[in-house]
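Dumped query16.pdb below, it's PDB, C-alpha atoms and all ligand atoms:
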MODEL        1
ATOM      1  CA  MET A   1     -21.488  12.433  36.133
ATOM      2  CA  ALA A   2     -23.292  14.280  33.330
ATOM      3  CA  GLY A   3     -23.063  18.066  33.409
ATOM      4  CA  ARG A   4     -26.112  20.213  34.014
ATOM      5  CA  LEU A   5     -26.031  21.492  30.404
ATOM      6  CA  GLU A   6     -25.036  18.324  28.560
ATOM      7  CA  GLY A   7     -26.195  18.388  24.916
ATOM      8  CA  LYS A   8     -26.928  22.110  24.931
ATOM      9  CA  VAL A   9     -25.418  24.997  22.962
ATOM     10  CA  ALA A  10     -25.023  28.495  24.433
ATOM     11  CA  PHE A  11     -24.586  31.792  22.563
ATOM     12  CA  ILE A  12     -22.675  34.430  24.555
ATOM     13  CA  THR A  13     -21.976  38.015  23.457
ATOM     14  CA  GLY A  14     -19.069  39.999  24.908
ATOM     15  CA  ALA A  15     -17.366  36.648  25.418
ATOM     16  CA  ALA A  16     -13.733  37.690  24.909
ATOM     17  CA  ARG A  17     -13.049  38.623  28.528
ATOM     18  CA  GLY A  18     -14.622  39.515  31.871
ATOM     19  CA  GLN A  19     -18.012  38.052  32.662
ATOM     20  CA  GLY A  20     -18.528  36.785  29.111
ATOM     21  CA  ARG A  21     -15.418  34.607  29.270
ATOM     22  CA  ALA A  22     -16.334  33.400  32.771
ATOM     23  CA  HIS A  23     -19.798  32.487  31.463
ATOM     24  CA  ALA A  24     -18.347  30.552  28.521
ATOM     25  CA  VAL A  25     -16.063  28.556  30.799
ATOM     26  CA  ARG A  26     -18.702  27.874  33.484
ATOM     27  CA  LEU A  27     -21.329  26.713  30.981
ATOM     28  CA  ALA A  28     -18.734  24.578  29.178
ATOM     29  CA  GLU A  29     -17.740  22.991  32.495
ATOM     30  CA  GLU A  30     -21.340  21.795  32.719
ATOM     31  CA  GLY A  31     -21.296  20.304  29.229
ATOM     32  CA  ALA A  32     -22.478  23.105  26.927
ATOM     33  CA  ASP A  33     -20.903  23.883  23.563
ATOM     34  CA  ILE A  34     -20.306  27.600  23.074
ATOM     35  CA  ILE A  35     -20.842  30.287  20.449
ATOM     36  CA  ALA A  36     -18.670  33.210  21.576
ATOM     37  CA  VAL A  37     -19.001  36.626  19.928
ATOM     38  CA  ASP A  38     -17.235  39.898  20.686
ATOM     39  CA  ILE A  39     -16.525  43.191  18.930
ATOM     40  CA  CYS A  40     -12.750  42.828  19.534
ATOM     41  CA  LYS A  41     -11.991  46.421  18.622
ATOM     42  CA  PRO A  42     -12.110  49.840  20.308
ATOM     43  CA  ILE A  43     -15.314  51.899  20.466
ATOM     44  CA  ASP A  44     -14.655  55.630  19.978
ATOM     45  CA  VAL A  45     -16.618  57.309  22.749
ATOM     46  CA  VAL A  46     -16.169  54.619  25.403
ATOM     47  CA  PRO A  47     -13.445  55.740  27.841
ATOM     48  CA  TYR A  48     -11.659  52.366  28.254
ATOM     49  CA  GLU A  49     -10.384  49.611  25.945
ATOM     50  CA  MET A  50     -12.619  46.889  24.561
ATOM     51  CA  ALA A  51     -11.421  43.281  24.284
ATOM     52  CA  THR A  52      -9.035  42.139  21.537
ATOM     53  CA  ALA A  53      -8.956  39.233  19.094
ATOM     54  CA  GLU A  54      -6.320  37.640  21.365
ATOM     55  CA  ASP A  55      -8.733  37.863  24.307
ATOM     56  CA  LEU A  56     -11.387  35.988  22.322
ATOM     57  CA  GLU A  57      -8.834  33.347  21.341
ATOM     58  CA  GLU A  58      -8.029  32.946  25.039
ATOM     59  CA  THR A  59     -11.712  32.209  25.687
ATOM     60  CA  GLN A  60     -11.600  29.687  22.851
ATOM     61  CA  ARG A  61      -8.584  27.932  24.388
ATOM     62  CA  ALA A  62     -10.229  27.837  27.819
ATOM     63  CA  VAL A  63     -13.379  26.181  26.448
ATOM     64  CA  GLU A  64     -11.437  23.726  24.273
ATOM     65  CA  ALA A  65      -9.371  22.753  27.316
ATOM     66  CA  LEU A  66     -12.664  21.482  28.779
ATOM     67  CA  ASP A  67     -13.192  19.288  25.701
ATOM     68  CA  ARG A  68     -16.182  21.307  24.561
ATOM     69  CA  ARG A  69     -16.721  22.715  21.078
ATOM     70  CA  ILE A  70     -16.623  26.479  20.531
ATOM     71  CA  VAL A  71     -17.220  28.708  17.523
ATOM     72  CA  ILE A  72     -15.933  32.270  17.849
ATOM     73  CA  GLY A  73     -16.953  35.311  15.837
ATOM     74  CA  HIS A  74     -16.135  38.997  15.630
ATOM     75  CA  ALA A  75     -19.355  41.018  15.520
ATOM     76  CA  ASP A  76     -20.693  44.252  16.928
ATOM     77  CA  VAL A  77     -24.078  43.679  18.587
ATOM     78  CA  ARG A  78     -25.204  46.956  16.973
ATOM     79  CA  ASP A  79     -24.848  45.336  13.533
ATOM     80  CA  SER A  80     -27.934  43.139  13.489
ATOM     81  CA  GLN A  81     -27.213  41.664  10.051
ATOM     82  CA  LEU A  82     -23.642  40.644  10.824
ATOM     83  CA  LEU A  83     -24.677  39.342  14.240
ATOM     84  CA  ARG A  84     -27.440  37.217  12.713
ATOM     85  CA  ALA A  85     -25.155  35.875   9.968
ATOM     86  CA  THR A  86     -22.473  35.024  12.546
ATOM     87  CA  LEU A  87     -24.984  33.205  14.738
ATOM     88  CA  ASP A  88     -26.609  31.394  11.812
ATOM     89  CA  GLY A  89     -23.222  30.068  10.710
ATOM     90  CA  ALA A  90     -22.278  28.942  14.206
ATOM     91  CA  VAL A  91     -25.606  27.187  14.808
ATOM     92  CA  ALA A  92     -25.210  25.394  11.469
ATOM     93  CA  GLU A  93     -21.843  24.148  12.742
ATOM     94  CA  LEU A  94     -22.904  23.154  16.270
ATOM     95  CA  GLY A  95     -26.350  21.853  15.356
ATOM     96  CA  ARG A  96     -28.720  23.698  17.675
ATOM     97  CA  LEU A  97     -29.195  26.566  20.152
ATOM     98  CA  ASP A  98     -30.605  26.368  23.683
ATOM     99  CA  ILE A  99     -29.145  29.176  25.781
ATOM    100  CA  VAL A 100     -28.434  32.872  25.208
ATOM    101  CA  SER A 101     -26.358  35.155  27.403
ATOM    102  CA  ALA A 102     -26.807  38.707  26.072
ATOM    103  CA  ASN A 103     -23.849  40.032  28.015
ATOM    104  CA  ALA A 104     -21.984  42.504  25.758
ATOM    105  CA  GLY A 105     -22.105  46.015  27.116
ATOM    106  CA  VAL A 106     -20.240  49.249  27.773
ATOM    107  CA  CYS A 107     -20.239  51.612  30.741
ATOM    108  CA  GLY A 108     -19.502  55.256  30.028
ATOM    109  CA  PRO A 109     -18.961  57.960  29.011
ATOM    110  CA  PHE A 110     -20.493  59.649  32.045
ATOM    111  CA  ALA A 111     -21.976  63.128  32.470
ATOM    112  CA  VAL A 112     -25.048  64.796  33.906
ATOM    113  CA  GLY A 113     -27.948  64.260  31.520
ATOM    114  CA  GLU A 114     -28.014  67.792  30.109
ATOM    115  CA  GLU A 115     -24.347  67.530  29.095
ATOM    116  CA  LEU A 116     -24.470  64.104  27.430
ATOM    117  CA  LYS A 117     -23.731  64.458  23.717
ATOM    118  CA  ASP A 118     -25.765  62.668  21.041
ATOM    119  CA  ASP A 119     -23.109  60.033  20.349
ATOM    120  CA  GLU A 120     -22.540  59.434  24.073
ATOM    121  CA  TRP A 121     -26.219  58.725  24.637
ATOM    122  CA  ASN A 122     -26.650  56.785  21.384
ATOM    123  CA  THR A 123     -23.589  54.558  21.796
ATOM    124  CA  THR A 124     -24.692  53.355  25.225
ATOM    125  CA  VAL A 125     -28.303  52.795  24.250
ATOM    126  CA  ASP A 126     -27.402  51.216  20.899
ATOM    127  CA  ILE A 127     -25.085  48.667  22.530
ATOM    128  CA  ASN A 128     -26.656  48.050  25.935
ATOM    129  CA  LEU A 129     -30.303  48.034  24.863
ATOM    130  CA  THR A 130     -30.668  47.636  21.089
ATOM    131  CA  GLY A 131     -27.636  45.310  20.973
ATOM    132  CA  VAL A 132     -29.300  43.056  23.538
ATOM    133  CA  PHE A 133     -32.481  43.078  21.461
ATOM    134  CA  ASN A 134     -30.505  42.261  18.283
ATOM    135  CA  THR A 135     -28.888  39.344  20.104
ATOM    136  CA  VAL A 136     -32.160  37.866  21.291
ATOM    137  CA  ARG A 137     -33.990  38.474  18.023
ATOM    138  CA  ALA A 138     -31.317  36.606  16.063
ATOM    139  CA  ALA A 139     -31.448  33.701  18.518
ATOM    140  CA  ILE A 140     -35.176  33.104  18.952
ATOM    141  CA  PRO A 141     -35.806  31.281  15.633
ATOM    142  CA  HIS A 142     -32.949  28.866  16.370
ATOM    143  CA  ILE A 143     -34.190  28.079  19.885
ATOM    144  CA  LYS A 144     -37.717  27.545  18.590
ATOM    145  CA  ALA A 145     -36.392  25.281  15.831
ATOM    146  CA  GLY A 146     -34.656  23.126  18.459
ATOM    147  CA  GLY A 147     -38.065  22.197  19.830
ATOM    148  CA  ARG A 148     -36.910  21.747  23.438
ATOM    149  CA  GLY A 149     -37.554  25.230  24.836
ATOM    150  CA  GLY A 150     -34.619  27.278  26.070
ATOM    151  CA  SER A 151     -33.231  29.907  28.398
ATOM    152  CA  ILE A 152     -32.396  33.497  27.502
ATOM    153  CA  VAL A 153     -30.556  35.544  30.105
ATOM    154  CA  LEU A 154     -30.108  39.275  29.633
ATOM    155  CA  THR A 155     -27.355  41.004  31.584
ATOM    156  CA  SER A 156     -28.771  44.157  33.092
ATOM    157  CA  SER A 157     -27.239  45.674  36.257
ATOM    158  CA  THR A 158     -28.236  47.119  39.604
ATOM    159  CA  ALA A 159     -28.561  50.161  37.323
ATOM    160  CA  GLY A 160     -31.515  48.337  35.758
ATOM    161  CA  LEU A 161     -33.347  48.548  39.089
ATOM    162  CA  LYS A 162     -32.064  51.775  40.672
ATOM    163  CA  ALA A 163     -30.446  55.059  39.654
ATOM    164  CA  TYR A 164     -26.850  56.308  39.731
ATOM    165  CA  LEU A 165     -25.675  59.897  39.292
ATOM    166  CA  ASN A 166     -24.105  60.968  35.970
ATOM    167  CA  ALA A 167     -25.139  57.786  34.169
ATOM    168  CA  SER A 168     -28.613  58.413  32.726
ATOM    169  CA  ASN A 169     -27.568  56.725  29.458
ATOM    170  CA  TYR A 170     -26.456  53.534  31.258
ATOM    171  CA  VAL A 171     -29.354  53.565  33.755
ATOM    172  CA  ALA A 172     -31.923  54.077  30.988
ATOM    173  CA  ALA A 173     -30.496  51.298  28.813
ATOM    174  CA  LYS A 174     -30.270  48.842  31.705
ATOM    175  CA  HIS A 175     -33.833  49.628  32.868
ATOM    176  CA  GLY A 176     -34.858  49.003  29.252
ATOM    177  CA  VAL A 177     -33.285  45.541  29.456
ATOM    178  CA  THR A 178     -35.306  44.817  32.604
ATOM    179  CA  GLY A 179     -38.514  45.689  30.751
ATOM    180  CA  MET A 180     -37.490  43.811  27.618
ATOM    181  CA  THR A 181     -36.965  40.715  29.734
ATOM    182  CA  LYS A 182     -40.547  40.741  30.969
ATOM    183  CA  ALA A 183     -42.061  41.475  27.546
ATOM    184  CA  LEU A 184     -40.103  38.681  25.841
ATOM    185  CA  ALA A 185     -40.770  36.259  28.719
ATOM    186  CA  LEU A 186     -44.481  36.723  28.143
ATOM    187  CA  GLU A 187     -44.187  36.251  24.373
ATOM    188  CA  LEU A 188     -41.979  33.182  24.568
ATOM    189  CA  ALA A 189     -43.574  31.348  27.500
ATOM    190  CA  PRO A 190     -45.834  29.258  25.219
ATOM    191  CA  HIS A 191     -42.655  27.892  23.605
ATOM    192  CA  PHE A 192     -41.061  26.965  26.960
ATOM    193  CA  ILE A 193     -38.418  29.591  26.243
ATOM    194  CA  ARG A 194     -37.660  31.391  29.508
ATOM    195  CA  VAL A 195     -36.287  34.937  29.670
ATOM    196  CA  ASN A 196     -34.707  36.365  32.821
ATOM    197  CA  SER A 197     -32.408  39.261  33.655
ATOM    198  CA  LEU A 198     -29.327  39.384  35.887
ATOM    199  CA  HIS A 199     -28.535  42.461  37.966
ATOM    200  CA  PRO A 200     -24.941  42.458  39.199
ATOM    201  CA  THR A 201     -23.473  45.061  41.497
ATOM    202  CA  GLN A 202     -19.876  46.059  40.652
ATOM    203  CA  VAL A 203     -18.071  43.073  39.133
ATOM    204  CA  ASP A 204     -14.275  42.966  39.228
ATOM    205  CA  THR A 205     -13.634  43.340  35.475
ATOM    206  CA  LYS A 206     -12.040  45.920  33.177
ATOM    207  CA  MET A 207     -15.402  47.656  32.854
ATOM    208  CA  ILE A 208     -15.032  49.051  36.361
ATOM    209  CA  GLN A 209     -11.293  48.811  36.913
ATOM    210  CA  ASN A 210     -10.440  51.846  34.810
ATOM    211  CA  GLU A 211      -9.705  55.513  35.322
ATOM    212  CA  ALA A 212     -13.008  56.887  33.959
ATOM    213  CA  LEU A 213     -15.045  54.819  36.369
ATOM    214  CA  TYR A 214     -12.770  55.632  39.304
ATOM    215  CA  LYS A 215     -13.442  59.310  38.539
ATOM    216  CA  LEU A 216     -17.215  58.754  38.353
ATOM    217  CA  PHE A 217     -17.317  57.203  41.806
ATOM    218  CA  CYS A 218     -14.554  59.307  43.422
ATOM    219  CA  PRO A 219     -15.285  62.801  42.040
ATOM    220  CA  ASP A 220     -13.495  64.546  44.911
ATOM    221  CA  ILE A 221     -10.139  62.808  44.347
ATOM    222  CA  GLU A 222      -7.866  64.185  41.613
ATOM    223  CA  ASN A 223      -6.316  60.908  40.439
ATOM    224  CA  PRO A 224      -8.351  58.151  42.081
ATOM    225  CA  THR A 225      -6.892  54.637  42.284
ATOM    226  CA  ARG A 226      -8.321  51.135  42.614
ATOM    227  CA  ALA A 227      -7.936  51.454  46.395
ATOM    228  CA  ASP A 228      -9.888  54.750  46.455
ATOM    229  CA  PHE A 229     -12.657  53.189  44.394
ATOM    230  CA  GLU A 230     -12.645  50.065  46.558
ATOM    231  CA  ALA A 231     -13.408  52.151  49.650
ATOM    232  CA  VAL A 232     -16.341  53.899  47.936
ATOM    233  CA  SER A 233     -17.628  50.704  46.350
ATOM    234  CA  LEU A 234     -17.637  48.949  49.719
ATOM    235  CA  GLY A 235     -20.209  51.450  50.930
ATOM    236  CA  MET A 236     -22.521  50.656  48.009
ATOM    237  CA  ASN A 237     -23.215  47.047  49.004
ATOM    238  CA  ALA A 238     -25.074  45.826  52.101
ATOM    239  CA  MET A 239     -22.643  42.928  52.433
ATOM    240  CA  PRO A 240     -19.096  44.083  53.290
ATOM    241  CA  VAL A 241     -17.502  43.513  49.851
ATOM    242  CA  PRO A 242     -16.539  46.142  47.262
ATOM    243  CA  TRP A 243     -17.457  43.960  44.288
ATOM    244  CA  VAL A 244     -18.297  40.422  43.265
ATOM    245  CA  ASP A 245     -16.328  38.138  40.941
ATOM    246  CA  ALA A 246     -17.384  37.293  37.391
ATOM    247  CA  ALA A 247     -17.768  33.681  38.557
ATOM    248  CA  ASP A 248     -20.547  34.746  40.947
ATOM    249  CA  VAL A 249     -22.570  36.026  38.007
ATOM    250  CA  SER A 250     -21.707  32.921  35.955
ATOM    251  CA  ASN A 251     -23.139  30.670  38.661
ATOM    252  CA  ALA A 252     -26.454  32.572  38.591
ATOM    253  CA  LEU A 253     -26.452  32.327  34.786
ATOM    254  CA  LEU A 254     -25.787  28.593  35.008
ATOM    255  CA  PHE A 255     -28.753  28.091  37.327
ATOM    256  CA  LEU A 256     -31.077  30.086  35.062
ATOM    257  CA  ALA A 257     -29.776  28.223  32.001
ATOM    258  CA  SER A 258     -30.286  24.811  33.597
ATOM    259  CA  ASP A 259     -33.446  22.754  33.885
ATOM    260  CA  GLU A 260     -33.381  23.420  37.637
ATOM    261  CA  ALA A 261     -34.921  26.809  36.760
ATOM    262  CA  ARG A 262     -37.448  25.325  34.328
ATOM    263  CA  TYR A 263     -40.394  27.399  35.597
ATOM    264  CA  ILE A 264     -38.524  30.614  36.359
ATOM    265  CA  THR A 265     -39.233  33.259  33.742
ATOM    266  CA  GLY A 266     -39.628  37.035  33.658
ATOM    267  CA  ALA A 267     -37.529  37.340  36.829
ATOM    268  CA  ALA A 268     -34.979  40.055  37.664
ATOM    269  CA  ILE A 269     -32.280  38.254  39.654
ATOM    270  CA  PRO A 270     -29.837  40.386  41.659
ATOM    271  CA  VAL A 271     -26.237  39.244  42.140
ATOM    272  CA  ASP A 272     -25.483  42.312  44.161
ATOM    273  CA  ALA A 273     -24.341  41.667  47.738
ATOM    274  CA  GLY A 274     -27.467  43.545  48.805
ATOM    275  CA  CYS A 275     -26.668  46.710  46.807
ATOM    276  CA  ASN A 276     -30.316  47.104  45.884
ATOM    277  CA  LEU A 277     -31.328  47.169  49.549
ATOM    278  CA  ILE A 278     -29.509  50.372  50.433
TER     279      ILE A 278
HETATM  280  N1  LIG A 301     -18.431  45.076  35.682
HETATM  281  C1  LIG A 301     -19.472  45.534  36.355
HETATM  282  O1  LIG A 301     -19.326  46.121  37.424
HETATM  283  C2  LIG A 301     -20.869  45.321  35.856
HETATM  284  C3  LIG A 301     -21.929  45.517  36.752
HETATM  285  C4  LIG A 301     -23.242  45.313  36.321
HETATM  286  C5  LIG A 301     -23.468  44.924  35.015
HETATM  287  N2  LIG A 301     -22.415  44.749  34.161
HETATM  288  C6  LIG A 301     -22.710  44.323  32.802
HETATM  289  O2  LIG A 301     -22.088  43.072  32.579
HETATM  290  C7  LIG A 301     -21.812  42.900  31.193
HETATM  291  C8  LIG A 301     -20.397  42.383  30.992
HETATM  292  O3  LIG A 301     -19.466  43.354  31.433
HETATM  293  P1  LIG A 301     -18.019  43.006  32.037
HETATM  294  O4  LIG A 301     -18.051  43.407  33.461
HETATM  295  O5  LIG A 301     -17.633  41.612  31.685
HETATM  296  O6  LIG A 301     -17.132  44.094  31.248
HETATM  297  P2  LIG A 301     -15.974  43.933  30.125
HETATM  298  O7  LIG A 301     -15.769  45.312  29.599
HETATM  299  O8  LIG A 301     -14.809  43.211  30.693
HETATM  300  O9  LIG A 301     -16.633  43.003  29.027
HETATM  301  C9  LIG A 301     -17.553  43.457  28.084
HETATM  302  C10 LIG A 301     -17.268  42.737  26.768
HETATM  303  O10 LIG A 301     -18.251  43.180  25.804
HETATM  304  C11 LIG A 301     -17.558  43.449  24.585
HETATM  305  N3  LIG A 301     -18.372  44.432  23.836
HETATM  306  C12 LIG A 301     -18.580  45.730  24.153
HETATM  307  N4  LIG A 301     -19.329  46.325  23.221
HETATM  308  C13 LIG A 301     -19.614  45.378  22.300
HETATM  309  C14 LIG A 301     -20.359  45.400  21.087
HETATM  310  N5  LIG A 301     -20.925  46.526  20.627
HETATM  311  N6  LIG A 301     -20.481  44.235  20.390
HETATM  312  C15 LIG A 301     -19.899  43.102  20.826
HETATM  313  N7  LIG A 301     -19.148  43.030  21.960
HETATM  314  C16 LIG A 301     -19.017  44.169  22.684
HETATM  315  C17 LIG A 301     -16.209  43.982  25.009
HETATM  316  O11 LIG A 301     -15.220  43.892  23.980
HETATM  317  C18 LIG A 301     -15.895  43.091  26.204
HETATM  318  O12 LIG A 301     -15.239  41.906  25.829
HETATM  319  C19 LIG A 301     -22.131  44.254  30.550
HETATM  320  O13 LIG A 301     -23.402  44.206  29.948
HETATM  321  C20 LIG A 301     -22.156  45.202  31.727
HETATM  322  O14 LIG A 301     -22.937  46.338  31.489
HETATM  323  C21 LIG A 301     -21.134  44.932  34.563
ENDMDL
END

Written form, C-alpha cells:
Amino acid sequence: MAGRLEGKVAFITGAARGQGRAHAVRLAEEGADIIAVDICKPIDVVPYEMATAEDLEETQRAVEALDRRIVIGHADVRDSQLLRATLDGAVAELGRLDIVSANAGVCGPFAVGEELKDDEWNTTVDINLTGVFNTVRAAIPHIKAGGRGGSIVLTSSTAGLKAYLNASNYVAAKHGVTGMTKALALELAPHFIRVNSLHPTQVDTKMIQNEALYKLFCPDIENPTRADFEAVSLGMNAMPVPWVDAADVSNALLFLASDEARYITGAAIPVDAGCNLI
C-alpha cells in the first residue's frame, strides 16, 4: 500500500533528536524523503545540551533503514544564509520540496522578565521565532517551484496560546509563531501552500528532562528530580498524563502534511492532553 506521503520531500529542522527525529522517521514511514538539519553544537546561554553530530547520524540511519533518502546538514536556524544554502543543496539532490517542519527550538534560560539579560531574551527569540521565519522563508520558493502546493507546519507550544511564569522570552517567541502561522497561511493560500502550527504540552524529550526545567516547575524543591517534575506536570494537563510522547506530535504533523488536511490552513492545533483547557 502506498504511503500517505509517497513522492514528497520534507525539510525538518532540529532533526537530530527528540521530536525532530520522531518527525523524520514518521514521515519517512509514510514515503517521504527527508532533509534533516540541526545545529549539532552547544548554545552558550541555554541551560542544557543541544544535539550532537552523532545524534543527527542516528536520525539518518533510522530514515535509511526505512529505504527512504535523507540529506543531513549542520546549520543554525539563526544563520539564514547557511540555512538557505544547506536547503538549496539538499533540494537539488532530492529534486523537490513539499513539506516543512520548523521544529528547532530551545527552552530556557528562565527568569522573571525584569531579570532576563539581553542575550537570554535574544537567544530565545532569535532561535524560536526568527529561526522559524528563516526556515520558512528559505523553503517557500522551493515549494512554489514544485507546483503542487505544500504543507508548512510550525512547532509552537501551549506557550504559544497561554502564559507560563518566568518564561516571557519563550512565551513571546511561541506566541509570535502562532501569529506568523496565520499571516503566512493567508499569503500562501493562493498557491495551495498550507501553514499550520502545532501546540504540544510537555513532550518527553531532553528539552524538558533536564535540571533547569525541573527547577522552573519545582521552585520549592532544592534538587528536583524527574519524579518531582512528573507530579507537577501531571497537574498541568486535563488528561491524567504528565507529558506526551514525541510520536504523538509526529502523528499530528503527519496528518497536517498529508492530503487528508488539504483544506486546513491557518489553524493552531493543540497536542496537549487538554493543557490549554485548565
Ligand atoms: N519538549 C517539550 O515539552 C516541548 C513542548 C512544546 C513545544 N516544544 C517545542 O518542540 C520543538 C522540538 O523540541 P524537542 O522537545 O524535540 O527538544 P530537543 O531539545 O530534544 O530538540 C530540539 C532540537 O533542536 C536543535 N536546535 C536547537 N537550536 C537550534 C538552532 N539554533 N539551529 C538548529 N537546530 C537547533 C537541537 O540541537 C535539538 O536537536 C521545539 O521548538 C520546542 O520549543 C517542546

Please give me, as a PyMOL selection string, the residues lying within 6 Å of ligand LIG 301 (chain A) when counting all atoms listed in the file. chain A and resi 13-20+38-40+50-51+75-78+103-107+127+155-157+200-208

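The residue that comes closest to Ala139 (chain A), out of A:Ala2, A:Leu87, A:Val177, A:Ile278 and on the basis of all atoms listed in the file, is A:Leu87.
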
Go ahead and compute the interatomic distance for CA of Asp126 (chain A) and CA of Val46 (chain A), in Å to one decimal. 12.6 Å

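Nearest residue to Val249 (chain A), choosing from A:Glu93, A:Asp272, A:Glu30, A:Asp119 and counting all atoms listed in the file: A:Asp272.
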
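Atom to atom, CA of Lys8 (chain A) and CA of Ile35 (chain A) stand 11.1 Å apart.
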
The PyMOL selection byres (((chain A and resi 253-260) around 9) and not hetatm) resolved against shown file, as an mmCIF file with C-alpha atoms, in the coordinates of the input:
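In the end it all went to out-v5.cif:
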data_model
loop_
_atom_site.group_PDB
_atom_site.id
_atom_site.type_symbol
_atom_site.label_atom_id
_atom_site.label_comp_id
_atom_site.auth_asym_id
_atom_site.auth_seq_id
_atom_site.Cartn_x
_atom_site.Cartn_y
_atom_site.Cartn_z
ATOM 1 C CA ARG A 4 -26.112 20.213 34.014
ATOM 2 C CA LEU A 5 -26.031 21.492 30.404
ATOM 3 C CA ALA A 10 -25.023 28.495 24.433
ATOM 4 C CA HIS A 23 -19.798 32.487 31.463
ATOM 5 C CA ARG A 26 -18.702 27.874 33.484
ATOM 6 C CA LEU A 27 -21.329 26.713 30.981
ATOM 7 C CA GLU A 30 -21.340 21.795 32.719
ATOM 8 C CA ASP A 98 -30.605 26.368 23.683
ATOM 9 C CA ILE A 99 -29.145 29.176 25.781
ATOM 10 C CA VAL A 100 -28.434 32.872 25.208
ATOM 11 C CA SER A 101 -26.358 35.155 27.403
ATOM 12 C CA GLY A 150 -34.619 27.278 26.070
ATOM 13 C CA SER A 151 -33.231 29.907 28.398
ATOM 14 C CA ILE A 152 -32.396 33.497 27.502
ATOM 15 C CA VAL A 153 -30.556 35.544 30.105
ATOM 16 C CA ARG A 194 -37.660 31.391 29.508
ATOM 17 C CA VAL A 195 -36.287 34.937 29.670
ATOM 18 C CA ASN A 196 -34.707 36.365 32.821
ATOM 19 C CA LEU A 198 -29.327 39.384 35.887
ATOM 20 C CA ASP A 248 -20.547 34.746 40.947
ATOM 21 C CA VAL A 249 -22.570 36.026 38.007
ATOM 22 C CA SER A 250 -21.707 32.921 35.955
ATOM 23 C CA ASN A 251 -23.139 30.670 38.661
ATOM 24 C CA ALA A 252 -26.454 32.572 38.591
ATOM 25 C CA ALA A 261 -34.921 26.809 36.760
ATOM 26 C CA ARG A 262 -37.448 25.325 34.328
ATOM 27 C CA TYR A 263 -40.394 27.399 35.597
ATOM 28 C CA ILE A 264 -38.524 30.614 36.359
ATOM 29 C CA THR A 265 -39.233 33.259 33.742
#

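Each of A:Asn134, A:Thr158, A:Thr123, A:Thr178 was compared to Leu82 (chain A) using all atoms listed in the file, and A:Asn134 turns out to be the nearest.
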
Which residues fall under the PyMOL selection byres (((chain A and resi 225) around 12) and not hetatm) in this file, as a ChimeraX atom specification? /A:208-219,221-224,226-232

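Taking CA of Asn128 (chain A) and CA of Glu115 (chain A) as endpoints, the distance between them is 19.9 Å.
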
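What the PyMOL selection byres (((chain A and resi 239) around 7) and not hetatm) picks from this file is Asn237, Ala238, Pro240, Val241, Ala273 and Gly274 of chain A.
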
Let's have the selection written as a PDB file, keeping the file's coordinate frame, with C-alpha atoms.
ATOM      1  CA  ASN A 237     -23.215  47.047  49.004  1.00  0.00           C
ATOM      2  CA  ALA A 238     -25.074  45.826  52.101  1.00  0.00           C
ATOM      3  CA  PRO A 240     -19.096  44.083  53.290  1.00  0.00           C
ATOM      4  CA  VAL A 241     -17.502  43.513  49.851  1.00  0.00           C
ATOM      5  CA  ALA A 273     -24.341  41.667  47.738  1.00  0.00           C
ATOM      6  CA  GLY A 274     -27.467  43.545  48.805  1.00  0.00           C
TER       7      GLY A 274
END

Pick from A:Ala145, A:Ala111, A:Leu94, A:Ala268 nearest to Ala32 (chain A), counting only C-alpha atoms: A:Leu94

Enclose all atoms of region 187-204 of chain A listed in the file in an axis-aligned box, grow every side by 5 Å, and hand back centre and edge lengths in Å to one decimal, as lines of an AutoDock Vina configuration file.
center_x = -30.1
center_y = 36.5
center_z = 32.6
size_x = 41.6
size_y = 29.1
size_z = 27.9

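Distances from A:Leu184, A:Ile72, A:Leu161, A:Leu154 to Thr135 (chain A) were compared using all atoms listed in the file, and the smallest one belongs to A:Leu154.
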
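Compared by their closest atoms to Leu165 (chain A), and using only C-alpha atoms, the residues A:Glu187, A:Val112, A:Lys41, A:Phe133 rank with A:Val112 nearest.
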